[in-house]
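The structure file input_27.cif is reproduced below (mmCIF, C-alpha atoms and all ligand atoms).
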data_data
loop_
_atom_site.label_atom_id
_atom_site.label_comp_id
_atom_site.auth_asym_id
_atom_site.auth_seq_id
_atom_site.Cartn_x
_atom_site.Cartn_y
_atom_site.Cartn_z
CA MET T 982 -24.58 13.60 11.26
CA GLN T 983 -21.78 13.92 13.75
CA ILE T 984 -18.05 13.87 12.99
CA ALA T 985 -15.66 13.01 15.81
CA GLU T 986 -12.11 11.89 16.42
CA PHE T 987 -11.78 8.12 16.81
CA THR T 988 -9.12 6.02 18.52
CA PRO T 989 -9.05 2.47 17.08
CA ALA T 990 -6.78 1.26 19.91
CA HIS T 991 -9.61 1.90 22.41
CA ALA T 992 -12.64 1.28 20.16
CA SER T 993 -15.20 -1.42 20.94
CA ALA T 994 -15.35 -4.57 18.83
CA GLU T 995 -18.70 -3.33 17.51
CA GLU T 996 -17.22 -0.02 16.34
CA LEU T 997 -14.37 -1.81 14.55
CA GLU T 998 -16.95 -4.05 12.90
CA GLN T 999 -18.88 -0.96 11.72
CA TRP T 1000 -15.62 0.49 10.36
CA ARG T 1001 -15.11 -2.71 8.37
CA GLU T 1002 -18.73 -2.73 7.14
CA VAL T 1003 -18.20 0.73 5.60
CA LEU T 1004 -15.13 -0.60 3.76
CA ASN T 1005 -17.02 -3.59 2.42
CA ALA T 1006 -20.10 -1.58 1.40
CA MET T 1007 -17.78 0.84 -0.45
CA THR T 1008 -15.97 -2.06 -2.15
CA GLU T 1009 -19.27 -3.63 -3.20
CA ALA T 1010 -20.51 -0.36 -4.71
CA ASP T 1011 -17.35 1.08 -6.26
CA MET T 1012 -15.02 -1.81 -7.04
CA PRO T 1013 -16.93 -5.10 -6.81
CA GLY T 1014 -14.03 -7.08 -8.29
CA GLU T 1015 -11.74 -6.17 -5.38
CA PRO T 1016 -11.45 -8.43 -2.31
CA ARG T 1017 -13.57 -7.82 0.79
CA TRP T 1018 -12.17 -6.94 4.20
CA HIS T 1019 -11.97 -9.58 6.95
CA GLY T 1020 -12.23 -8.65 10.62
CA ASP T 1021 -8.93 -10.26 11.69
CA ARG T 1022 -6.43 -7.90 13.34
CA MET T 1023 -8.47 -4.79 12.38
CA ARG T 1024 -7.51 -3.01 15.60
CA ASP T 1025 -3.79 -3.68 14.98
CA TYR T 1026 -4.13 -2.64 11.34
CA LEU T 1027 -5.65 0.71 12.27
CA SER T 1028 -3.70 1.58 15.39
CA ILE T 1029 -0.09 0.44 14.93
CA THR T 1030 2.38 2.62 13.01
CA MET T 1031 6.12 3.02 12.56
CA PRO T 1032 7.75 4.51 15.69
CA ASN T 1033 7.93 8.04 14.23
CA GLU T 1034 4.49 8.03 12.59
CA ARG T 1035 0.93 8.58 13.84
CA ARG T 1036 -2.38 7.57 12.30
CA LEU T 1037 -5.21 9.93 13.26
CA ALA T 1038 -8.77 8.78 12.65
CA TYR T 1039 -12.23 10.39 12.37
CA VAL T 1040 -15.68 8.86 12.06
CA ALA T 1041 -19.05 10.14 10.84
CA ARG T 1042 -22.00 8.72 12.82
CA ASP T 1043 -25.68 8.76 11.89
CA ASP T 1044 -28.37 9.82 14.36
CA ALA T 1045 -28.38 6.33 15.91
CA GLY T 1046 -24.62 6.59 16.56
CA ARG T 1047 -23.66 4.10 13.87
CA ILE T 1048 -20.44 4.68 11.89
CA VAL T 1049 -21.35 5.49 8.27
CA GLY T 1050 -18.08 7.03 7.13
CA HIS T 1051 -14.50 7.31 8.26
CA ALA T 1052 -11.19 8.96 7.56
CA ASN T 1053 -7.63 8.43 8.62
CA LEU T 1054 -4.56 10.61 8.23
CA LEU T 1055 -1.05 9.16 8.45
CA VAL T 1056 1.45 11.74 9.66
CA TYR T 1057 5.08 10.92 8.87
CA GLY T 1058 8.14 11.80 10.91
CA GLY T 1059 11.69 12.66 9.89
CA GLU T 1060 12.33 14.01 6.43
CA PHE T 1061 8.68 13.60 5.35
CA ALA T 1062 7.19 15.31 8.38
CA ASP T 1063 5.56 18.04 6.28
CA THR T 1064 3.28 15.70 4.32
CA GLY T 1065 0.54 13.24 5.20
CA ILE T 1066 -1.43 10.52 3.44
CA PHE T 1067 -5.14 10.10 4.10
CA GLU T 1068 -8.17 7.98 3.15
CA ILE T 1069 -11.90 8.76 3.32
CA PHE T 1070 -14.71 6.24 2.89
CA VAL T 1071 -18.44 6.96 3.03
CA GLU T 1072 -21.09 4.24 3.12
CA PRO T 1073 -22.89 4.39 -0.28
CA GLY T 1074 -26.33 5.00 1.27
CA HIS T 1075 -25.04 8.14 3.00
CA ARG T 1076 -23.26 9.79 0.10
CA GLY T 1077 -24.21 13.07 -1.52
CA SER T 1078 -25.16 14.80 1.74
CA GLY T 1079 -21.87 16.32 2.83
CA VAL T 1080 -20.39 13.44 4.86
CA GLY T 1081 -17.30 13.20 2.65
CA ARG T 1082 -16.82 16.97 2.75
CA GLY T 1083 -17.18 16.95 6.56
CA LEU T 1084 -14.60 14.20 6.98
CA LEU T 1085 -12.21 15.96 4.61
CA ARG T 1086 -12.65 19.20 6.58
CA ALA T 1087 -11.72 17.34 9.80
CA VAL T 1088 -8.64 15.85 8.09
CA ALA T 1089 -7.57 19.20 6.58
CA ARG T 1090 -7.94 21.11 9.86
CA ARG T 1091 -5.99 18.44 11.71
CA ALA T 1092 -3.28 18.44 9.03
CA SER T 1093 -3.03 22.19 9.49
CA ARG T 1094 -2.71 21.87 13.30
CA GLU T 1095 -0.03 19.21 12.77
CA GLY T 1096 1.90 21.70 10.62
CA LEU T 1097 1.59 19.71 7.38
CA ARG T 1098 2.20 21.48 4.08
CA ALA T 1099 0.41 19.00 1.80
CA ILE T 1100 -1.76 15.91 2.03
CA GLY T 1101 -2.24 13.16 -0.53
CA VAL T 1102 -4.72 10.38 -1.24
CA GLU T 1103 -4.70 7.35 -3.57
CA VAL T 1104 -7.77 6.90 -5.73
CA ILE T 1105 -8.81 4.23 -8.22
CA ALA T 1106 -9.63 5.93 -11.53
CA THR T 1107 -13.00 4.24 -12.01
CA THR T 1108 -14.52 5.27 -8.64
CA PRO T 1109 -16.65 8.29 -7.61
CA ALA T 1110 -13.75 9.49 -5.44
CA VAL T 1111 -12.23 10.99 -8.61
CA GLY T 1112 -15.13 13.44 -9.04
CA PHE T 1113 -15.04 14.27 -5.33
CA TYR T 1114 -11.34 15.17 -5.21
CA ASP T 1115 -11.52 17.04 -8.54
CA ARG T 1116 -14.46 19.03 -7.17
CA LEU T 1117 -12.65 19.85 -3.93
CA GLY T 1118 -9.57 21.25 -5.65
CA PHE T 1119 -7.08 18.39 -5.48
CA GLY T 1120 -4.48 18.01 -8.23
CA ARG T 1121 -3.33 14.73 -9.78
CA ALA T 1122 0.31 14.38 -8.69
CA VAL T 1123 1.00 10.83 -9.90
CA VAL T 1124 -0.75 8.40 -12.24
CA GLU T 1125 0.16 4.73 -12.16
CA ASN T 1126 -0.98 1.56 -13.93
CA ARG T 1127 -2.23 -1.17 -11.64
CA HIS T 1128 -1.47 -4.72 -12.81
CA LEU T 1129 -3.18 -7.83 -11.52
CA LEU T 1130 -2.03 -11.43 -11.70
CA ARG T 1131 -4.63 -14.11 -11.04
CA LEU T 1132 -2.84 -17.13 -9.63
CA ALA T 1133 -5.33 -19.46 -11.35
CA ASP T 1134 -3.95 -18.15 -14.67
CA VAL T 1135 -0.27 -18.74 -13.82
CA ASP T 1136 1.64 -21.16 -16.00
CA TRP T 1137 3.39 -22.91 -13.10
CA GLU T 1138 5.70 -24.98 -15.23
CA THR T 1139 7.18 -21.88 -16.91
CA VAL T 1140 7.31 -19.93 -13.65
CA THR T 1141 9.06 -22.75 -11.80
CA ASP T 1142 11.54 -22.96 -14.65
CA SER T 1143 12.16 -19.16 -14.56
CA ALA T 1144 12.71 -19.30 -10.79
CA GLY T 1145 15.56 -21.74 -11.32
CA ARG T 1146 17.25 -19.91 -14.23
CA LEU T 1147 20.07 -18.10 -12.48
CA ALA T 1148 23.35 -16.89 -13.92
CA ALA T 1149 26.42 -18.54 -12.38
CA GLY T 1150 27.60 -16.91 -9.16
CA TYR T 1151 24.15 -15.93 -7.88
CA ARG T 1152 21.65 -17.62 -5.58
CA LEU T 1153 18.20 -16.66 -4.27
CA GLU T 1154 17.00 -16.84 -0.69
CA TYR T 1155 13.42 -16.55 0.51
CA PHE T 1156 12.29 -15.19 3.89
CA THR T 1157 8.89 -14.57 5.42
CA GLY T 1158 7.99 -12.44 8.41
CA GLY T 1159 11.35 -10.66 8.50
CA LEU T 1160 15.00 -10.84 7.54
CA PRO T 1161 17.92 -12.41 9.41
CA ASP T 1162 19.95 -9.74 11.19
CA HIS T 1163 23.12 -10.32 9.19
CA LEU T 1164 21.32 -9.28 5.96
CA MET T 1165 19.61 -6.09 7.22
CA GLU T 1166 22.44 -3.68 6.44
CA ARG T 1167 23.16 -5.11 2.97
CA TYR T 1168 19.47 -5.38 2.08
CA ALA T 1169 18.82 -1.74 3.01
CA ALA T 1170 21.88 -0.64 1.00
CA THR T 1171 20.46 -2.35 -2.11
CA LYS T 1172 17.04 -0.85 -1.54
CA VAL T 1173 18.54 2.63 -1.77
CA HIS T 1174 18.91 2.04 -5.53
CA LEU T 1175 15.13 2.44 -5.78
CA LYS T 1176 15.55 6.12 -4.98
CA ALA T 1177 17.17 6.65 -8.36
CA GLU T 1178 14.39 4.91 -10.31
CA PRO T 1179 12.10 7.37 -12.12
CA ALA T 1180 9.20 5.00 -11.47
CA TYR T 1181 9.55 5.63 -7.74
CA ASN T 1182 8.97 9.39 -8.02
CA VAL T 1183 12.38 10.65 -7.04
CA GLY T 1184 12.22 12.81 -3.96
CA THR T 1185 9.06 11.32 -2.50
CA TRP T 1186 10.19 7.72 -2.10
CA ARG T 1187 9.43 6.76 1.50
CA GLY T 1188 11.08 3.34 1.58
CA SER T 1189 13.47 1.94 4.14
CA ALA T 1190 16.90 3.00 2.98
CA ASP T 1191 18.72 2.21 6.22
CA ALA T 1192 18.88 -0.88 8.41
CA ARG T 1193 17.15 0.69 11.43
CA ARG T 1194 14.20 1.89 9.38
CA LEU T 1195 14.02 -1.46 7.58
CA ARG T 1196 13.95 -3.34 10.89
CA ASP T 1197 11.20 -1.01 12.19
CA SER T 1198 9.26 -1.33 8.97
CA LEU T 1199 9.28 -5.16 8.96
CA ALA T 1200 8.33 -5.23 12.65
CA THR T 1201 5.50 -2.74 12.04
CA LEU T 1202 4.11 -4.77 9.14
CA SER T 1203 3.99 -7.91 11.27
CA ALA T 1204 2.44 -6.05 14.22
CA ARG T 1205 -0.34 -4.76 11.91
CA GLY T 1206 -1.14 -8.26 10.62
CA LEU T 1207 0.67 -7.80 7.29
CA ARG T 1208 2.87 -10.76 6.38
CA PRO T 1209 5.98 -9.73 4.42
CA HIS T 1210 7.53 -12.18 1.94
CA LEU T 1211 11.02 -11.37 0.67
CA VAL T 1212 13.19 -12.89 -2.06
CA VAL T 1213 16.82 -11.79 -2.03
CA ALA T 1214 19.45 -12.29 -4.75
CA ILE T 1215 22.93 -12.90 -3.37
CA ALA T 1216 26.23 -12.65 -5.27
CA GLU T 1217 28.13 -15.64 -4.00
CA GLY T 1218 31.66 -15.22 -2.69
CA LYS T 1219 31.16 -11.65 -1.49
CA GLU T 1220 27.74 -12.67 -0.13
CA ALA T 1221 26.45 -9.26 -1.25
CA VAL T 1222 22.71 -8.60 -1.54
CA VAL T 1223 22.34 -7.51 -5.16
CA GLY T 1224 18.59 -7.72 -5.66
CA LEU T 1225 15.36 -7.98 -3.74
CA THR T 1226 11.62 -8.19 -4.17
CA GLU T 1227 8.94 -7.70 -1.49
CA LEU T 1228 5.34 -8.79 -1.28
CA VAL T 1229 2.85 -8.35 1.56
CA VAL T 1230 -0.31 -10.32 2.39
CA ALA T 1231 -2.67 -8.67 4.88
CA ALA T 1232 -4.64 -10.69 7.43
CA GLN T 1233 -7.43 -8.19 6.67
CA ARG T 1234 -7.46 -9.10 2.92
CA PRO T 1235 -5.78 -12.51 2.79
CA THR T 1236 -6.67 -13.39 -0.81
CA ARG T 1237 -4.74 -10.42 -2.22
CA GLY T 1238 -0.95 -9.98 -2.33
CA ASP T 1239 0.61 -6.53 -2.76
CA GLN T 1240 3.86 -6.71 -4.71
CA TYR T 1241 5.92 -3.69 -3.67
CA ASP T 1242 9.57 -2.89 -4.19
CA THR T 1243 11.67 -4.89 -6.65
CA VAL T 1244 15.19 -3.77 -7.45
CA VAL T 1245 18.45 -5.14 -8.81
CA ALA T 1246 21.69 -3.22 -8.13
CA PRO T 1247 22.72 -1.49 -11.42
CA GLU T 1248 25.91 -3.50 -12.00
CA HIS T 1249 23.98 -6.80 -11.68
CA ARG T 1250 21.23 -5.97 -14.18
CA SER T 1251 20.62 -7.93 -17.42
CA TYR T 1252 21.39 -11.29 -15.77
CA GLY T 1253 17.75 -12.24 -15.37
CA LEU T 1254 17.67 -11.68 -11.60
CA GLY T 1255 14.44 -9.63 -11.70
CA MET T 1256 12.56 -12.43 -13.46
CA ALA T 1257 14.08 -15.20 -11.32
CA MET T 1258 13.26 -13.36 -8.04
CA LYS T 1259 9.66 -12.61 -9.00
CA ALA T 1260 9.10 -16.16 -10.30
CA ARG T 1261 10.60 -17.61 -7.10
CA MET T 1262 8.27 -15.36 -5.07
CA LEU T 1263 5.22 -16.83 -6.82
CA CYS T 1264 6.45 -20.39 -6.18
CA GLU T 1265 6.97 -19.62 -2.48
CA LEU T 1266 3.54 -18.01 -2.16
CA ARG T 1267 1.88 -21.09 -3.56
CA GLU T 1268 3.13 -22.95 -0.47
CA ALA T 1269 3.08 -20.18 2.14
CA GLU T 1270 -0.24 -18.48 1.25
CA PRO T 1271 -2.45 -21.16 -0.35
CA GLN T 1272 -5.57 -18.97 0.07
CA LEU T 1273 -4.11 -16.27 -2.19
CA VAL T 1274 -6.22 -15.48 -5.29
CA ASP T 1275 -4.28 -12.65 -6.91
CA VAL T 1276 -1.31 -10.29 -6.67
CA GLN T 1277 -1.32 -6.60 -7.56
CA THR T 1278 1.52 -4.32 -8.49
CA TRP T 1279 1.90 -0.81 -9.96
CA THR T 1280 4.09 0.71 -12.67
CA SER T 1281 4.60 4.32 -13.71
CA LEU T 1282 3.25 5.54 -17.06
CA ASP T 1283 6.77 6.42 -18.23
CA GLY T 1284 7.69 2.77 -18.20
CA ASP T 1285 9.19 0.68 -15.52
CA ALA T 1286 12.15 -1.67 -15.70
CA MET T 1287 9.96 -4.46 -14.33
CA ALA T 1288 7.03 -4.01 -16.72
CA HIS T 1289 8.21 -6.66 -19.20
CA VAL T 1290 8.93 -9.15 -16.38
CA ASP T 1291 5.44 -8.56 -14.98
CA ALA T 1292 3.86 -9.04 -18.41
CA GLU T 1293 5.76 -12.28 -18.95
CA LEU T 1294 4.63 -13.64 -15.60
CA GLY T 1295 1.02 -12.95 -16.58
CA PHE T 1296 0.27 -9.61 -14.86
CA ARG T 1297 -2.41 -7.66 -16.75
CA ASN T 1298 -2.88 -3.89 -16.60
CA ASP T 1299 -6.51 -3.25 -15.64
CA VAL T 1300 -7.01 0.19 -14.10
CA GLN T 1301 -5.18 3.43 -13.32
CA TRP T 1302 -4.53 4.69 -9.81
CA PHE T 1303 -4.24 8.42 -9.17
CA GLU T 1304 -2.36 10.04 -6.36
CA TYR T 1305 -4.15 13.30 -5.60
CA GLU T 1306 -2.53 16.05 -3.59
CA ALA T 1307 -3.64 19.35 -2.06
CA ASP T 1308 -1.97 22.21 -0.27
CA VAL T 1309 -3.25 22.14 3.32
CA ALA T 1310 -3.65 25.91 3.83
CA GLU T 1311 -5.62 26.23 0.59
CA LEU T 1312 -7.80 23.25 1.46
CA VAL T 1313 -8.65 24.64 4.90
CA ARG T 1314 -9.59 27.99 3.30
CA ARG T 1315 -11.79 26.24 0.75
CA LEU T 1316 -13.56 23.94 3.24
CA GLY T 1317 -13.90 26.53 5.99
C1 LIG Z 1 -15.63 10.13 -2.46
C2 LIG Z 1 -16.63 10.05 -1.29
C3 LIG Z 1 -15.84 10.08 0.00
C4 LIG Z 1 -17.57 11.28 -1.36
O1 LIG Z 1 -18.42 11.25 -0.23
P1 LIG Z 1 -19.82 12.04 -0.18
O2 LIG Z 1 -20.29 12.04 1.21
O3 LIG Z 1 -20.75 11.54 -1.22
O4 LIG Z 1 -19.37 13.51 -0.62
P2 LIG Z 1 -20.13 14.88 -0.28
O5 LIG Z 1 -21.60 14.65 -0.30
O6 LIG Z 1 -19.57 15.50 0.93
O7 LIG Z 1 -19.70 15.76 -1.53
C5 LIG Z 1 -18.86 16.89 -1.46
C6 LIG Z 1 -18.81 17.56 -2.82
O8 LIG Z 1 -18.23 16.68 -3.77
C7 LIG Z 1 -19.09 16.45 -4.86
N1 LIG Z 1 -18.98 15.05 -5.26
C8 LIG Z 1 -19.05 13.94 -4.49
N2 LIG Z 1 -18.90 12.84 -5.25
C9 LIG Z 1 -18.74 13.27 -6.51
C10 LIG Z 1 -18.56 12.62 -7.74
N3 LIG Z 1 -18.49 11.30 -7.85
N4 LIG Z 1 -18.43 13.38 -8.86
C11 LIG Z 1 -18.48 14.72 -8.81
N5 LIG Z 1 -18.67 15.40 -7.66
C12 LIG Z 1 -18.80 14.69 -6.51
C13 LIG Z 1 -20.48 16.73 -4.29
O9 LIG Z 1 -21.39 17.09 -5.31
C14 LIG Z 1 -20.20 17.86 -3.35
O10 LIG Z 1 -20.10 19.08 -4.03
P3 LIG Z 1 -20.67 20.45 -3.33
O11 LIG Z 1 -20.36 20.35 -1.86
O12 LIG Z 1 -19.91 21.50 -4.02
O13 LIG Z 1 -22.11 20.44 -3.61
C15 LIG Z 1 -17.49 8.76 -1.40
O14 LIG Z 1 -18.03 8.67 -2.71
C16 LIG Z 1 -16.72 7.52 -1.12
O15 LIG Z 1 -16.60 7.08 0.02
N6 LIG Z 1 -16.17 6.89 -2.14
C17 LIG Z 1 -15.33 5.72 -1.97
C18 LIG Z 1 -14.05 6.10 -1.28
C19 LIG Z 1 -12.86 5.84 -2.11
O16 LIG Z 1 -12.85 5.31 -3.18
N7 LIG Z 1 -11.76 6.22 -1.57
C20 LIG Z 1 -10.50 5.96 -2.23
C21 LIG Z 1 -9.41 6.66 -1.61
S1 LIG Z 1 -9.56 7.05 0.06
#

In structure tokens, write the structure found in this file.
Amino acid sequence: MQIAEFTPAHASAEELEQWREVLNAMTEADMPGEPRWHGDRMRDYLSITMPNERRLAYVARDDAGRIVGHANLLVYGGEFADTGIFEIFVEPGHRGSGVGRGLLRAVARRASREGLRAIGVEVIATTPAVGFYDRLGFGRAVVENRHLLRLADVDWETVTDSAGRLAAGYRLEYFTGGLPDHLMERYAATKVHLKAEPAYNVGTWRGSADARRLRDSLATLSARGLRPHLVVAIAEGKEAVVGLTELVVAAQRPTRGDQYDTVVAPEHRSYGLGMAMKARMLCELREAEPQLVDVQTWTSLDGDAMAHVDAELGFRNDVQWFEYEADVAELVRRLG
């Protein structure tokens, strides 16, 4: 078994296909209910990052040179430059023989060379990755509930009705692919309110709290093959952005939507904007992404302002997600 650095931007189509096959074999074995990976835009997905970030990749090859495992480490810039997020996947037939440990060693050593203090990884509670990271000394930093909404189960009449129930003085606007320039500044200013939400792990929130970062983030999503859908609540008169919700559909997993940030500015809460925005999003998706099968979202265990809205729309909590973290120096010492 050989572990080597890998550059998706210059990889052959065959190597990218092997990368994808590992993901699908892992999905089949560990989480068969989750969607499979398509080959569309895989190179873009793996190689493009925000301007101040880098994604470093490693592969494990068998004796015939075939990729049987891979890892990637996302190194942030700016205020989060001391931490990184990584993923490791090993083809089920090659597990239990040190491939995962070897890939993690490569990631840890690289993180150390990059000057990172800590690295983190997201793990689904029901998969073997939990035992692996427990064994290798990682600690559970965050636990979240994943919620899934199957679009076939949506009561469209109720949702359409909810999307239209708006208090006087507000309107909703829907955008896909990006945001018009005149809204960037106001949208980013509203997003900053997420920083104060306990559910967003104060201090580690890595969202786009200024217009430049927001512009970069939307451009990066599109360049990676991830289609952003945005619903914005506007207070009429002042034309202020007072609420927003974001959902992304990846070309690489087009049947699954990821519902990310939803926030209403504090002084505009209790007017039903959260429900109306999320309901409107579902109605728009029905038109814009007809292939979509389900939407996932996450809430913290301590409760989340949106949990009751999600439940009403039909989201069901199915599994926990753990965010594991390790100190880089300690990890390098442990793995050698
Ligand atoms: C987790 C994963 C990477 C482990 O790969 P692997 O090649 O089987 O791991 P290794 O053989 O290198 O095992 C390293 C150590 O972890 C232990 N380990 C591995 N899986 C384990 C499990 N499920 N439970 C307990 N211990 C485990 C091994 O026994 C070994 O211990 P040792 O070195 O002290 O003897 C692999 O199961 C996988 O790809 N899972 C799916 C990936 C995934 O869900 N990722 C989500 C976030 S990225």

Any idea what the distance is between atom CA of T:Val1123 and atom CA of T:Ile1105?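 Pair atom CA of T:Val1123 / atom CA of T:Ile1105 returns 11.9 Å.
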
Go through chain T residue by residue and, counting all atoms listed in the file, keep those with an atom at most 7 Å from ligand LIG 1 (chain Z); for each kept residue give the shortest atom pair and its distance in Å to one decimal, ordered by chain and increasing number, as a Markdown table.
| residue | atom | partner | partner_atom | distance |
| --- | --- | --- | --- | --- |
| T:Met1007 | CA | Z:LIG1 | C17 | 5.7 |
| T:Asp1011 | CA | Z:LIG1 | C17 | 6.6 |
| T:Phe1067 | CA | Z:LIG1 | S1 | 6.7 |
| T:Glu1068 | CA | Z:LIG1 | S1 | 3.5 |
| T:Ile1069 | CA | Z:LIG1 | S1 | 4.4 |
| T:Phe1070 | CA | Z:LIG1 | O15 | 3.5 |
| T:Val1071 | CA | Z:LIG1 | O15 | 3.5 |
| T:Glu1072 | CA | Z:LIG1 | O15 | 6.2 |
| T:Pro1073 | CA | Z:LIG1 | O15 | 6.8 |
| T:His1075 | CA | Z:LIG1 | O2 | 6.4 |
| T:Arg1076 | CA | Z:LIG1 | O3 | 3.3 |
| T:Gly1077 | CA | Z:LIG1 | O5 | 3.3 |
| T:Ser1078 | CA | Z:LIG1 | O5 | 4.1 |
| T:Gly1079 | CA | Z:LIG1 | O6 | 3.1 |
| T:Val1080 | CA | Z:LIG1 | O2 | 3.9 |
| T:Gly1081 | CA | Z:LIG1 | O2 | 3.5 |
| T:Arg1082 | CA | Z:LIG1 | O6 | 3.6 |
| T:Gly1083 | CA | Z:LIG1 | O6 | 6.3 |
| T:Val1102 | CA | Z:LIG1 | C21 | 6.0 |
| T:Glu1103 | CA | Z:LIG1 | C21 | 5.1 |
| T:Val1104 | CA | Z:LIG1 | C21 | 4.4 |
| T:Ile1105 | CA | Z:LIG1 | C20 | 6.5 |
| T:Thr1108 | CA | Z:LIG1 | O16 | 5.7 |
| T:Pro1109 | CA | Z:LIG1 | N3 | 3.5 |
| T:Ala1110 | CA | Z:LIG1 | C1 | 3.6 |
| T:Val1111 | CA | Z:LIG1 | N3 | 6.3 |
| T:Gly1112 | CA | Z:LIG1 | N4 | 3.3 |
| T:Phe1113 | CA | Z:LIG1 | C12 | 4.0 |
| T:Arg1116 | CA | Z:LIG1 | N5 | 5.6 |
| T:Leu1117 | CA | Z:LIG1 | O8 | 6.4 |

My list of candidates is T:Arg1121, T:Arg1094, T:Pro1032, T:Leu997. Which is closest to T:Arg1193 when distances are computed with all atoms listed in the file?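 For T:Arg1193, the nearest of the candidates is T:Pro1032.
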
Pick out the residues sitting within 8 Å of T:Ile1048, and hand them over as a list in words; count all atoms listed in the file, and ignore anything fewer than 3 positions along from it in its own chain.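 What passes the distance filter is Glu996, Gln999, Trp1000, Val1003, Val1040, Ala1041, Arg1042, Asp1043 and His1051 of chain T.
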
One-decimal distance in Å that lies between atom CA of T:Glu1248 and atom CA of T:Phe1296: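 For atom CA of T:Phe1296 relative to atom CA of T:Glu1248, the distance reads 26.5 Å.
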
Using Å and a single decimal, report how far atom CA of T:Val1309 sits from atom CA of T:Gly1120.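 It comes out at 12.3 Å.
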
Considering all atoms listed in the file, state which residue in the set T:Gly1058, T:Gly1206, T:Gly1150, T:Gly1050 is at the smallest distance from T:Tyr1252.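 Using all atoms listed in the file, T:Tyr1252 sits closest to T:Gly1150.
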
Under the rule that all atoms listed in the file are counted, which of T:Arg1234, T:His1019, T:Arg1091, T:Arg1047 is the nearest residue to T:Val1276?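 Nearest to T:Val1276: T:Arg1234.
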
Protein/DNA/RNA residues near (6.4, -1.6, -1.2), cut 8 Å, all atoms listed in the file, as JSON, numbers by chain: {"T": [1188, 1227, 1228, 1239, 1240, 1241, 1242]}

Between T:Met1287, T:Leu1312, T:Cys1264, T:Val1244, which has the minimum distance to T:His1128 (counting all atoms listed in the file)?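 Nearest to T:His1128: T:Met1287.
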
Nearest to T:Asn1298: which of T:Val1229, T:Leu1129, T:Ala1045, T:Leu1037 is it, counting all atoms listed in the file? T:Leu1129

Of the candidates T:Val1274, T:Ala1216, T:Leu1097, T:Leu1207, which shows the shortest atom-to-atom distance to T:Gly1014, using only C-alpha atoms?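 Ranking T:Val1274, T:Ala1216, T:Leu1097, T:Leu1207 by distance to T:Gly1014, first place goes to T:Val1274.
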